Amino acid sequence: MFDFYDGGGLDICFLGTLQIDKAGNVNSHMNETKLSGIGGFANITQTAKEVVFCSTFTTGGLEIEESYGRVKIVREGRINKFVESVGRAVSFSAENAHDNGQKVLYVTERCVFQLGRDGIVLTEVYDGIDIERDILQKLPFEVKIELEK
């Protein structure tokens with residue numbers, strides 16, 4: 001199986017995250033209380049042609065509702081999953097993704113980011129979400145905005 005991954009056999013993959021930083025790097029293996037093994041995460045994400053990270057924007061008590069295509073944040077999570085830098089806990093390297101020509105998306109319950117040349121770019125905001133209050137004020141860094149029409 002790892003020969004298949006390492007050989008570029010995956011067209012697309014979908015994986016979760018613990019943290020995402022402004023450059024687009026991902027930490028999926030180290031939190032404040034424990035270190036988990038990275039397993040095949042690196043093998044899969046470094047060679048798939050397209051990588052889709054699926055994560056909530058915050059965690060630790062987040063409650064959301066969806067009704068008629070509109071998202072409502074009922075209670076915000078206590079822990080922001082978007083950080084200035086994942087530091088030494090890089091499970092996925094945005095720089096390597098650029099070098100490999102990979103398309104990378106970061107999908108949350110309120111918006112979608114895409115990996116751009118200079119970091120993550122906000123490309124989609126879901127109905128019911130206030131871009132300023134629910135996204136930009138929660139990010140510890142500035143983000144480029146290129147909303148799809």
# chains A, B, ... in the order shown; residues from 1 in each chain; ligands from 1
>>> residues_around(residues="range 50-67 of chain A", least_positions_apart="2", cutoff="9 Å", atoms="only C-alpha atoms", output="JSON, numbers by chain")
{"A": [10, 11, 12, 13, 14, 15, 16, 17, 18, 19, 26, 44, 45, 46, 47, 48, 69, 70, 71, 72, 73, 74, 75, 76, 77, 78, 79, 80, 81, 82, 102, 103, 104, 105, 106, 107, 108, 109, 110, 111, 128, 135, 138]}
>>> select_by_dssp(residues="range 70-131 of chain A", states="helix (DSSP H, G or I)", output="list in words")
Ala94, Glu95, Asn96, Ala97, His98, Asp99, Asn100 and Ile131 of chain A
>>> write_last_selection(atoms="N, CA and C atoms", output="PDB file, in the first residue's frame")
ATOM      1  N   ALA A  94       3.576  22.910   3.337  1.00  0.00           N
ATOM      2  CA  ALA A  94       3.030  23.686   2.225  1.00  0.00           C
ATOM      3  C   ALA A  94       4.099  23.928   1.161  1.00  0.00           C
ATOM      4  N   GLU A  95       5.326  24.130   1.585  1.00  0.00           N
ATOM      5  CA  GLU A  95       6.416  24.361   0.636  1.00  0.00           C
ATOM      6  C   GLU A  95       6.606  23.143  -0.266  1.00  0.00           C
ATOM      7  N   ASN A  96       6.570  21.956   0.325  1.00  0.00           N
ATOM      8  CA  ASN A  96       6.676  20.742  -0.488  1.00  0.00           C
ATOM      9  C   ASN A  96       5.502  20.618  -1.448  1.00  0.00           C
ATOM     10  N   ALA A  97       4.306  20.992  -0.984  1.00  0.00           N
ATOM     11  CA  ALA A  97       3.119  20.931  -1.844  1.00  0.00           C
ATOM     12  C   ALA A  97       3.286  21.841  -3.060  1.00  0.00           C
ATOM     13  N   HIS A  98       3.833  23.045  -2.836  1.00  0.00           N
ATOM     14  CA  HIS A  98       4.098  23.950  -3.962  1.00  0.00           C
ATOM     15  C   HIS A  98       5.085  23.304  -4.931  1.00  0.00           C
ATOM     16  N   ASP A  99       6.168  22.771  -4.378  1.00  0.00           N
ATOM     17  CA  ASP A  99       7.203  22.152  -5.214  1.00  0.00           C
ATOM     18  C   ASP A  99       6.652  20.971  -6.007  1.00  0.00           C
ATOM     19  N   ASN A 100       5.681  20.253  -5.422  1.00  0.00           N
ATOM     20  CA  ASN A 100       5.096  19.080  -6.072  1.00  0.00           C
ATOM     21  C   ASN A 100       3.919  19.412  -6.983  1.00  0.00           C
ATOM     22  N   ILE A 131     -18.295  37.005   7.597  1.00  0.00           N
ATOM     23  CA  ILE A 131     -16.873  36.866   7.285  1.00  0.00           C
ATOM     24  C   ILE A 131     -15.975  37.562   8.315  1.00  0.00           C
TER      25      ILE A 131
END
>>> atom_distance(atom1="CA of Val143 in chain A", atom2="CA of Val83 in chain A")
12.0 Å
>>> closest_residue(among="A:Ala23, A:Ile145, A:Met1, A:Met30", to="Leu115 in chain A", atoms="only C-alpha atoms")
A:Ala23
>>> residues_around(residues="Arg88 in chain A", least_positions_apart="5", cutoff="12 Å", atoms="only C-alpha atoms", output="PDB file with N, CA, C and O atoms, in the first residue's frame")
ATOM      1  N   ASP A  21      -1.521  26.490   9.817  1.00  0.00           N
ATOM      2  CA  ASP A  21      -0.913  27.812  10.003  1.00  0.00           C
ATOM      3  C   ASP A  21      -1.058  28.683   8.758  1.00  0.00           C
ATOM      4  O   ASP A  21      -1.567  28.243   7.729  1.00  0.00           O
ATOM      5  N   ASN A  25       0.887  25.060   6.302  1.00  0.00           N
ATOM      6  CA  ASN A  25       1.408  23.853   6.936  1.00  0.00           C
ATOM      7  C   ASN A  25       0.356  23.281   7.870  1.00  0.00           C
ATOM      8  O   ASN A  25      -0.463  24.016   8.423  1.00  0.00           O
ATOM      9  N   VAL A  26       0.404  21.965   8.072  1.00  0.00           N
ATOM     10  CA  VAL A  26      -0.570  21.284   8.917  1.00  0.00           C
ATOM     11  C   VAL A  26       0.145  20.478   9.993  1.00  0.00           C
ATOM     12  O   VAL A  26       1.149  19.816   9.718  1.00  0.00           O
ATOM     13  N   ASN A  27      -0.403  20.530  11.192  1.00  0.00           N
ATOM     14  CA  ASN A  27       0.000  19.665  12.297  1.00  0.00           C
ATOM     15  C   ASN A  27      -1.139  18.682  12.501  1.00  0.00           C
ATOM     16  O   ASN A  27      -2.249  19.089  12.810  1.00  0.00           O
ATOM     17  N   SER A  28      -0.847  17.405  12.339  1.00  0.00           N
ATOM     18  CA  SER A  28      -1.881  16.386  12.569  1.00  0.00           C
ATOM     19  C   SER A  28      -1.459  15.383  13.635  1.00  0.00           C
ATOM     20  O   SER A  28      -2.168  14.416  13.883  1.00  0.00           O
ATOM     21  N   HIS A  29      -0.298  15.606  14.255  1.00  0.00           N
ATOM     22  CA  HIS A  29       0.224  14.565  15.138  1.00  0.00           C
ATOM     23  C   HIS A  29       0.623  15.008  16.544  1.00  0.00           C
ATOM     24  O   HIS A  29       0.921  14.171  17.384  1.00  0.00           O
ATOM     25  N   MET A  30       0.629  16.297  16.838  1.00  0.00           N
ATOM     26  CA  MET A  30       1.116  16.728  18.146  1.00  0.00           C
ATOM     27  C   MET A  30       0.175  17.766  18.748  1.00  0.00           C
ATOM     28  O   MET A  30      -0.013  18.845  18.191  1.00  0.00           O
ATOM     29  N   ASN A  31      -0.442  17.409  19.898  1.00  0.00           N
ATOM     30  CA  ASN A  31      -1.217  18.419  20.610  1.00  0.00           C
ATOM     31  C   ASN A  31      -0.558  18.688  21.958  1.00  0.00           C
ATOM     32  O   ASN A  31       0.505  18.139  22.249  1.00  0.00           O
ATOM     33  N   SER A  93       3.841  19.795   4.758  1.00  0.00           N
ATOM     34  CA  SER A  93       4.603  20.979   4.383  1.00  0.00           C
ATOM     35  C   SER A  93       3.996  21.663   3.166  1.00  0.00           C
ATOM     36  O   SER A  93       3.927  21.075   2.078  1.00  0.00           O
TER      37      SER A  93
END
>>> closest_residue(among="A:Thr33, A:Leu147, A:Gly7, A:Asp127", to="Gln114 in chain A", atoms="only C-alpha atoms")
A:Leu147
>>> atom_distance(atom1="CA of Ile38 in chain A", atom2="CA of Ser91 in chain A")
7.0 Å
>>> select_by_dssp(residues="chain A", states="strand (DSSP E)", output="ChimeraX atom specification")
/A:12-16,19-21,26-27,50-54,58-59,63-67,70-75,79-80,82-83,103-107,111-116,119-125,144-145
